[in-house]
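Chemist: Contents are mmCIF, C-alpha atoms; chains and numbers go by the auth columns; file name target-v5.cif:
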data_structure
loop_
_atom_site.group_PDB
_atom_site.id
_atom_site.type_symbol
_atom_site.label_atom_id
_atom_site.label_comp_id
_atom_site.label_asym_id
_atom_site.label_seq_id
_atom_site.Cartn_x
_atom_site.Cartn_y
_atom_site.Cartn_z
_atom_site.B_iso_or_equiv
_atom_site.auth_seq_id
_atom_site.auth_asym_id
ATOM 1 C CA LYS A 1 18.698 3.042 -16.003 0.00 166 A
ATOM 2 C CA ASP A 2 19.673 5.080 -19.087 0.00 167 A
ATOM 3 C CA GLU A 3 17.284 7.953 -18.274 0.00 168 A
ATOM 4 C CA GLY A 4 19.658 9.538 -15.738 0.00 169 A
ATOM 5 C CA ASP A 5 22.815 9.012 -17.782 0.00 170 A
ATOM 6 C CA ALA A 6 23.235 11.923 -20.204 0.00 171 A
ATOM 7 C CA SER A 7 26.060 10.225 -22.138 0.00 172 A
ATOM 8 C CA ARG A 8 24.061 7.045 -22.662 0.00 173 A
ATOM 9 C CA MET A 9 20.979 9.033 -23.688 0.00 174 A
ATOM 10 C CA THR A 10 23.104 10.936 -26.235 0.00 175 A
ATOM 11 C CA ALA A 11 24.468 7.630 -27.567 0.00 176 A
ATOM 12 C CA HIS A 12 20.918 6.356 -28.078 0.00 177 A
ATOM 13 C CA THR A 13 20.012 9.569 -29.925 0.00 178 A
ATOM 14 C CA ILE A 14 23.044 9.189 -32.194 0.00 179 A
ATOM 15 C CA LEU A 15 22.201 5.531 -32.802 0.00 180 A
ATOM 16 C CA ALA A 16 18.635 6.414 -33.798 0.00 181 A
ATOM 17 C CA ARG A 17 19.930 9.011 -36.262 0.00 182 A
ATOM 18 C CA VAL A 18 22.649 6.903 -37.923 0.00 183 A
ATOM 19 C CA GLU A 19 20.849 3.546 -37.929 0.00 184 A
ATOM 20 C CA PRO A 20 19.052 4.111 -41.278 0.00 185 A
ATOM 21 C CA LEU A 21 22.331 5.123 -42.958 0.00 186 A
ATOM 22 C CA VAL A 22 24.228 2.137 -41.546 0.00 187 A
ATOM 23 C CA ALA A 23 21.387 -0.232 -42.469 0.00 188 A
ATOM 24 C CA TYR A 24 21.437 1.140 -46.031 0.00 189 A
ATOM 25 C CA ALA A 25 25.219 0.727 -46.236 0.00 190 A
ATOM 26 C CA LEU A 26 24.964 -2.866 -44.991 0.00 191 A
ATOM 27 C CA GLU A 27 22.138 -3.722 -47.401 0.00 192 A
ATOM 28 C CA ASN A 28 24.165 -2.341 -50.307 0.00 193 A
ATOM 29 C CA SER A 29 27.529 -3.839 -49.270 0.00 194 A
ATOM 30 C CA PHE A 30 29.227 -0.486 -48.772 0.00 195 A
ATOM 31 C CA PRO A 31 32.452 -0.765 -46.778 0.00 196 A
ATOM 32 C CA ILE A 32 32.034 0.044 -43.085 0.00 197 A
ATOM 33 C CA LEU A 33 34.744 0.249 -40.459 0.00 198 A
ATOM 34 C CA GLY A 34 33.315 1.007 -37.025 0.00 199 A
ATOM 35 C CA VAL A 35 35.906 1.960 -34.417 0.00 200 A
ATOM 36 C CA CYS A 36 35.261 2.184 -30.647 0.00 201 A
ATOM 37 C CA PHE A 37 31.914 4.043 -30.448 0.00 202 A
ATOM 38 C CA GLY A 38 31.140 2.797 -33.980 0.00 203 A
ATOM 39 C CA HIS A 39 31.792 -0.755 -32.738 0.00 204 A
ATOM 40 C CA GLN A 40 29.333 -0.168 -29.916 0.00 205 A
ATOM 41 C CA LEU A 41 26.670 1.408 -32.158 0.00 206 A
ATOM 42 C CA MET A 42 26.810 -1.460 -34.660 0.00 207 A
ATOM 43 C CA ALA A 43 26.587 -3.979 -31.833 0.00 208 A
ATOM 44 C CA GLU A 44 23.478 -2.318 -30.408 0.00 209 A
ATOM 45 C CA MET A 45 21.907 -2.201 -33.880 0.00 210 A
ATOM 46 C CA HIS A 46 22.293 -5.987 -34.034 0.00 211 A
ATOM 47 C CA GLY A 47 21.015 -6.916 -30.591 0.00 212 A
ATOM 48 C CA GLY A 48 24.331 -6.723 -28.752 0.00 213 A
ATOM 49 C CA LYS A 49 24.429 -5.170 -25.340 0.00 214 A
ATOM 50 C CA VAL A 50 26.742 -2.247 -24.510 0.00 215 A
ATOM 51 C CA GLU A 51 27.407 -1.484 -20.869 0.00 216 A
ATOM 52 C CA ASN A 52 29.833 0.255 -18.571 0.00 217 A
ATOM 53 C CA ASP A 53 31.604 -2.998 -17.714 0.00 218 A
ATOM 54 C CA ALA A 54 34.383 -2.393 -15.170 0.00 219 A
ATOM 55 C CA GLU A 55 36.164 -5.603 -16.215 0.00 220 A
ATOM 56 C CA GLN A 56 36.470 -4.332 -19.791 0.00 221 A
ATOM 57 C CA THR A 57 37.057 -0.608 -19.122 0.00 222 A
ATOM 58 C CA LYS A 58 40.553 0.209 -20.255 0.00 223 A
ATOM 59 C CA ALA A 59 42.968 2.931 -21.253 0.00 224 A
ATOM 60 C CA GLY A 60 46.294 2.103 -22.869 0.00 225 A
ATOM 61 C CA SER A 61 47.765 -0.779 -24.843 0.00 226 A
ATOM 62 C CA TYR A 62 46.408 -4.307 -24.529 0.00 227 A
ATOM 63 C CA ASP A 63 47.005 -7.620 -26.227 0.00 228 A
ATOM 64 C CA VAL A 64 44.525 -8.861 -28.805 0.00 229 A
ATOM 65 C CA GLU A 65 44.276 -12.456 -29.990 0.00 230 A
ATOM 66 C CA LEU A 66 42.820 -13.520 -33.321 0.00 231 A
ATOM 67 C CA THR A 67 40.211 -16.263 -33.335 0.00 232 A
ATOM 68 C CA GLU A 68 40.414 -19.016 -35.962 0.00 233 A
ATOM 69 C CA GLU A 69 37.981 -16.965 -38.058 0.00 234 A
ATOM 70 C CA GLY A 70 40.177 -13.897 -37.598 0.00 235 A
ATOM 71 C CA LYS A 71 43.329 -15.710 -38.689 0.00 236 A
ATOM 72 C CA ASN A 72 41.552 -16.688 -41.900 0.00 237 A
ATOM 73 C CA ASP A 73 39.841 -13.356 -42.561 0.00 238 A
ATOM 74 C CA VAL A 74 41.145 -11.200 -45.410 0.00 239 A
ATOM 75 C CA LEU A 75 41.432 -8.122 -43.177 0.00 240 A
ATOM 76 C CA PHE A 76 43.517 -9.787 -40.445 0.00 241 A
ATOM 77 C CA SER A 77 45.283 -12.581 -42.354 0.00 242 A
ATOM 78 C CA ASP A 78 48.737 -10.949 -42.353 0.00 243 A
ATOM 79 C CA LEU A 79 48.710 -10.093 -38.643 0.00 244 A
ATOM 80 C CA PRO A 80 50.282 -12.326 -35.988 0.00 245 A
ATOM 81 C CA GLN A 81 47.909 -14.379 -33.852 0.00 246 A
ATOM 82 C CA GLU A 82 48.555 -11.942 -30.983 0.00 247 A
ATOM 83 C CA PHE A 83 49.229 -8.230 -31.345 0.00 248 A
ATOM 84 C CA THR A 84 49.030 -5.010 -29.347 0.00 249 A
ATOM 85 C CA ALA A 85 46.224 -2.497 -29.849 0.00 250 A
ATOM 86 C CA GLN A 86 45.309 0.886 -28.351 0.00 251 A
ATOM 87 C CA TYR A 87 42.166 1.161 -26.212 0.00 252 A
ATOM 88 C CA GLY A 88 40.453 4.008 -24.432 0.00 253 A
ATOM 89 C CA HIS A 89 36.860 3.443 -23.357 0.00 254 A
ATOM 90 C CA HIS A 90 34.509 2.878 -20.448 0.00 255 A
ATOM 91 C CA ASP A 91 31.633 1.135 -22.253 0.00 256 A
ATOM 92 C CA SER A 92 32.038 -2.259 -23.901 0.00 257 A
ATOM 93 C CA VAL A 93 30.041 -4.769 -25.880 0.00 258 A
ATOM 94 C CA THR A 94 28.983 -7.378 -23.320 0.00 259 A
ATOM 95 C CA THR A 95 26.714 -9.553 -25.469 0.00 260 A
ATOM 96 C CA MET A 96 27.641 -10.839 -28.928 0.00 261 A
ATOM 97 C CA PRO A 97 25.523 -9.118 -31.611 0.00 262 A
ATOM 98 C CA ARG A 98 23.437 -11.431 -33.792 0.00 263 A
ATOM 99 C CA GLY A 99 24.814 -12.345 -37.192 0.00 264 A
ATOM 100 C CA THR A 100 28.407 -11.415 -36.363 0.00 265 A
ATOM 101 C CA ILE A 101 31.669 -13.318 -36.483 0.00 266 A
ATOM 102 C CA LEU A 102 34.151 -12.826 -33.648 0.00 267 A
ATOM 103 C CA LEU A 103 37.543 -12.098 -35.234 0.00 268 A
ATOM 104 C CA ALA A 104 39.585 -10.953 -32.233 0.00 269 A
ATOM 105 C CA LYS A 105 39.332 -10.989 -28.460 0.00 270 A
ATOM 106 C CA GLY A 106 41.458 -10.336 -25.417 0.00 271 A
ATOM 107 C CA GLU A 107 41.519 -10.842 -21.690 0.00 272 A
ATOM 108 C CA ALA A 108 40.567 -7.203 -21.289 0.00 273 A
ATOM 109 C CA CYS A 109 38.030 -7.151 -24.171 0.00 274 A
ATOM 110 C CA ARG A 110 35.861 -10.145 -25.055 0.00 275 A
ATOM 111 C CA PHE A 111 34.671 -8.736 -28.391 0.00 276 A
ATOM 112 C CA SER A 112 37.668 -6.810 -29.762 0.00 277 A
ATOM 113 C CA ALA A 113 36.812 -7.161 -33.471 0.00 278 A
ATOM 114 C CA LEU A 114 33.633 -8.289 -35.212 0.00 279 A
ATOM 115 C CA LYS A 115 32.615 -8.915 -38.804 0.00 280 A
ATOM 116 C CA TYR A 116 29.074 -8.176 -39.935 0.00 281 A
ATOM 117 C CA SER A 117 29.450 -8.927 -43.643 0.00 282 A
ATOM 118 C CA GLY A 118 32.119 -9.155 -46.309 0.00 283 A
ATOM 119 C CA THR A 119 32.492 -5.364 -46.183 0.00 284 A
ATOM 120 C CA ALA A 120 31.495 -4.418 -42.621 0.00 285 A
ATOM 121 C CA TYR A 121 33.874 -4.678 -39.679 0.00 286 A
ATOM 122 C CA THR A 122 34.051 -3.132 -36.221 0.00 287 A
ATOM 123 C CA MET A 123 36.799 -2.891 -33.606 0.00 288 A
ATOM 124 C CA GLN A 124 36.661 -1.801 -29.982 0.00 289 A
ATOM 125 C CA PHE A 125 40.312 -0.787 -30.221 0.00 290 A
ATOM 126 C CA HIS A 126 41.785 2.142 -32.160 0.00 291 A
ATOM 127 C CA PRO A 127 43.804 1.043 -35.217 0.00 292 A
ATOM 128 C CA GLU A 128 44.158 4.692 -36.248 0.00 293 A
ATOM 129 C CA LEU A 129 46.194 5.590 -33.151 0.00 294 A
ATOM 130 C CA THR A 130 49.912 5.141 -32.642 0.00 295 A
ATOM 131 C CA ARG A 131 51.639 4.991 -29.263 0.00 296 A
ATOM 132 C CA GLU A 132 52.502 8.680 -29.581 0.00 297 A
ATOM 133 C CA ASP A 133 48.896 9.592 -30.418 0.00 298 A
ATOM 134 C CA VAL A 134 47.598 7.836 -27.310 0.00 299 A
ATOM 135 C CA ILE A 135 50.198 9.393 -25.020 0.00 300 A
ATOM 136 C CA ARG A 136 49.315 12.851 -26.381 0.00 301 A
ATOM 137 C CA ARG A 137 45.583 12.212 -25.847 0.00 302 A
ATOM 138 C CA PHE A 138 46.147 11.096 -22.263 0.00 303 A
ATOM 139 C CA GLU A 139 48.260 14.196 -21.597 0.00 304 A
ATOM 140 C CA MET A 140 45.441 16.401 -22.959 0.00 305 A
ATOM 141 C CA SER A 141 42.785 14.565 -20.901 0.00 306 A
ATOM 142 C CA PRO A 142 43.796 14.786 -17.237 0.00 307 A
ATOM 143 C CA GLY A 143 41.906 12.329 -15.095 0.00 308 A
ATOM 144 C CA TYR A 144 41.526 9.718 -17.813 0.00 309 A
ATOM 145 C CA LEU A 145 44.286 7.625 -16.275 0.00 310 A
ATOM 146 C CA PRO A 146 44.284 6.797 -12.558 0.00 311 A
ATOM 147 C CA GLU A 147 46.180 9.208 -10.304 0.00 312 A
ATOM 148 C CA GLY A 148 49.918 8.607 -10.390 0.00 313 A
ATOM 149 C CA ILE A 149 49.907 6.568 -13.610 0.00 314 A
ATOM 150 C CA GLU A 150 52.078 7.968 -16.395 0.00 315 A
ATOM 151 C CA ALA A 151 50.871 7.403 -19.963 0.00 316 A
ATOM 152 C CA GLU A 152 54.257 6.045 -21.019 0.00 317 A
ATOM 153 C CA SER A 153 53.882 3.197 -18.511 0.00 318 A
ATOM 154 C CA VAL A 154 50.617 1.865 -20.019 0.00 319 A
ATOM 155 C CA VAL A 155 51.114 2.538 -23.737 0.00 320 A
ATOM 156 C CA ARG A 156 53.180 0.375 -26.104 0.00 321 A
ATOM 157 C CA ALA A 157 53.740 0.506 -29.846 0.00 322 A
ATOM 158 C CA SER A 158 51.015 -1.141 -31.956 0.00 323 A
ATOM 159 C CA PRO A 159 52.387 -1.466 -35.510 0.00 324 A
ATOM 160 C CA GLU A 160 50.282 -4.501 -36.421 0.00 325 A
ATOM 161 C CA ALA A 161 47.014 -2.885 -35.355 0.00 326 A
ATOM 162 C CA THR A 162 47.747 0.271 -37.336 0.00 327 A
ATOM 163 C CA ARG A 163 48.252 -1.890 -40.440 0.00 328 A
ATOM 164 C CA LEU A 164 44.537 -2.716 -40.336 0.00 329 A
ATOM 165 C CA LEU A 165 43.577 0.670 -41.804 0.00 330 A
ATOM 166 C CA GLN A 166 45.645 0.101 -44.935 0.00 331 A
ATOM 167 C CA ASN A 167 44.381 -3.482 -45.123 0.00 332 A
ATOM 168 C CA PHE A 168 40.806 -2.179 -44.973 0.00 333 A
ATOM 169 C CA VAL A 169 41.413 0.299 -47.787 0.00 334 A
ATOM 170 C CA ASP A 170 43.324 -2.187 -49.965 0.00 335 A
ATOM 171 C CA ARG A 171 41.289 -5.330 -49.345 0.00 336 A
ATOM 172 C CA ILE A 172 37.766 -4.179 -48.537 0.00 337 A
ATOM 173 C CA VAL A 173 37.328 -0.739 -50.121 0.00 338 A
ATOM 174 C CA GLY A 174 39.750 -1.210 -53.025 0.00 339 A
#
Would you encode the structure as structure tokens?

Modeler:
Amino acid sequence: KDEGDASRMTAHTILARVEPLVAYALENSFPILGVCFGHQLMAEMHGGKVENDAEQTKAGSYDVELTEEGKNDVLFSDLPQEFTAQYGHHDSVTTMPRGTILLAKGEACRFSALKYSGTAYTMQFHPELTREDVIRRFEMSPGYLPEGIEAESVVRASPEATRLLQNFVDRIVG
């Protein structure tokens, strides 16, 4: 199935090249924050399945809900139980990777945030992007949104999600 899909073949090549580095970082408790494609790569490294899942394909702002583990995790502990996050992807993790803890999920994304260790986290959403960033990206990528859909209609502010970057630096790296 992957042989005819150039993007998926490239992803497998990238995974093969970065896997030793990520494994070393995990073994030595270096901080890791995998975002979007990084979330997918880490999942595949740990037996998770990544597929083009139409039910989870999304572009725009979506609600994320913390699990009980997420509410009690140092990275997410000051976020509300539900918050808005920015998404933009076709592929999604469809099978929970082994050894992970599910920290956040949503109707549109079953595995929104995962924890691999005390210093390794991944997120399918983009905590680094503001509403304005996402609107600009959609404007520069015609065809990403369905015909007739304006970026402003599917993108909301995500102040809680963007706080995760500072939390990661302060609480995990720091």

Chemist: At a cut-off of 12 Å, using all atoms listed in the file, what residues contact Ile197 in chain A? Leave out same-chain residues fewer than 2 positions from it and give the result as a VMD selection string.

Modeler: chain A and resid 186 to 195 199 to 200 203 to 204 207 279 to 288 330 333 to 334 337 to 338

Chemist: Could you write out as an MDAnalysis selection string the residues that the PyMOL selection byres ((chain A and resi 231-243) around 10) matches in the shown file?

Modeler: chainID A and resid 229:230 244:248 266:271 277:280 283:284 286 325:326 328:337

Chemist: Excluding Ala273 in chain A and any residue of its chain fewer than 5 positions from it, enumerate the residues within 10 Å of it, using all atoms listed in the file, and give them as a list in words.

Modeler: Ala219, Glu220, Gln221, Thr222, Lys223, Tyr227, Asp228, Val229 and Tyr252 of chain A

Chemist: Quick one: of A:Thr295, A:Ser318, A:Ser323, A:Thr259, who's nearest to Gly212 in chain A, counting all atoms listed in the file?

Modeler: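 Using all atoms listed in the file, Gly212 in chain A sits closest to A:Thr259.
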
Chemist: Dump as a PyMOL selection string all residues having an atom at most 7 Å from (49.5, 5.2, -24.2), computed in the file's coordinates with only C-alpha atoms.

Modeler: chain A and resi 225-226+296+299-300+316-317+319-321

Chemist: Given the choices A:Glu184, A:Glu209, A:Asp170, A:Glu216, which gets closest to Thr265 in chain A if the distance is worked out from all atoms listed in the file?

Modeler: A:Glu209

Chemist: Give me, please, the distance in Å between CA of Ile314 in chain A and CA of Glu297 in chain A, quoted to one decimal.

Modeler: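 So the answer is 16.3 Å.
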
Chemist: Just give me the gap between CA of Phe303 in chain A and CA of Thr260 in chain A in Å, one decimal is fine.

Modeler: 28.5 Å

Chemist: What separation in Å, quoted to one decimal, exists between CA of Gly308 in chain A and CA of Ala322 in chain A?

Modeler: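 Spanning CA of Gly308 in chain A to CA of Ala322 in chain A is a straight-line distance of 22.3 Å.
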
Chemist: For each of A:Met261, A:Leu206, A:Ala224, A:Cys274, take the minimum atom-to-atom distance to Arg302 in chain A, counting only C-alpha atoms, then give the residue where this is smallest.

Modeler: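 Among the listed residues, the smallest separation from Arg302 in chain A belongs to A:Ala224.
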
Chemist: For the structure shown, which residues end up in the PyMOL selection byres ((chain A and resi 258) around 7)? Put them as a PDB file with C-alpha atoms, in the coordinates of the input, please?

Modeler:
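Below is the file out-v9.pdb, written as the result:
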ATOM      1  CA  GLN A 205      29.333  -0.168 -29.916  1.00  0.00           C
ATOM      2  CA  ALA A 208      26.587  -3.979 -31.833  1.00  0.00           C
ATOM      3  CA  GLY A 213      24.331  -6.723 -28.752  1.00  0.00           C
ATOM      4  CA  LYS A 214      24.429  -5.170 -25.340  1.00  0.00           C
ATOM      5  CA  VAL A 215      26.742  -2.247 -24.510  1.00  0.00           C
ATOM      6  CA  GLU A 216      27.407  -1.484 -20.869  1.00  0.00           C
ATOM      7  CA  SER A 257      32.038  -2.259 -23.901  1.00  0.00           C
ATOM      8  CA  THR A 259      28.983  -7.378 -23.320  1.00  0.00           C
ATOM      9  CA  THR A 260      26.714  -9.553 -25.469  1.00  0.00           C
ATOM     10  CA  PHE A 276      34.671  -8.736 -28.391  1.00  0.00           C
TER      11      PHE A 276
END

Chemist: On this structure, the PyMOL selection byres ((chain A and resi 292) around 6) would catch which residues? List them as a list in words, sorted by chain and number.

Modeler: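 When the PyMOL selection byres ((chain A and resi 292) around 6) is applied, the selected residues are His291, Glu293, Leu294, Ala326 and Thr327 of chain A.
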
Chemist: Using all atoms listed in the file, which residue out of A:Phe290, A:Met305, A:Ile179, A:Leu310 lies closest to Thr249 in chain A?

Modeler: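 The answer is A:Phe290, which sits nearest to Thr249 in chain A.
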
Chemist: Rank A:Glu272, A:Leu180, A:Ser306, A:His211 by their smallest atom-to-atom distance to Gly253 in chain A, using all atoms listed in the file, and report the top residue only.

Modeler: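 The shortest atom-to-atom distance to Gly253 in chain A comes from A:Ser306.
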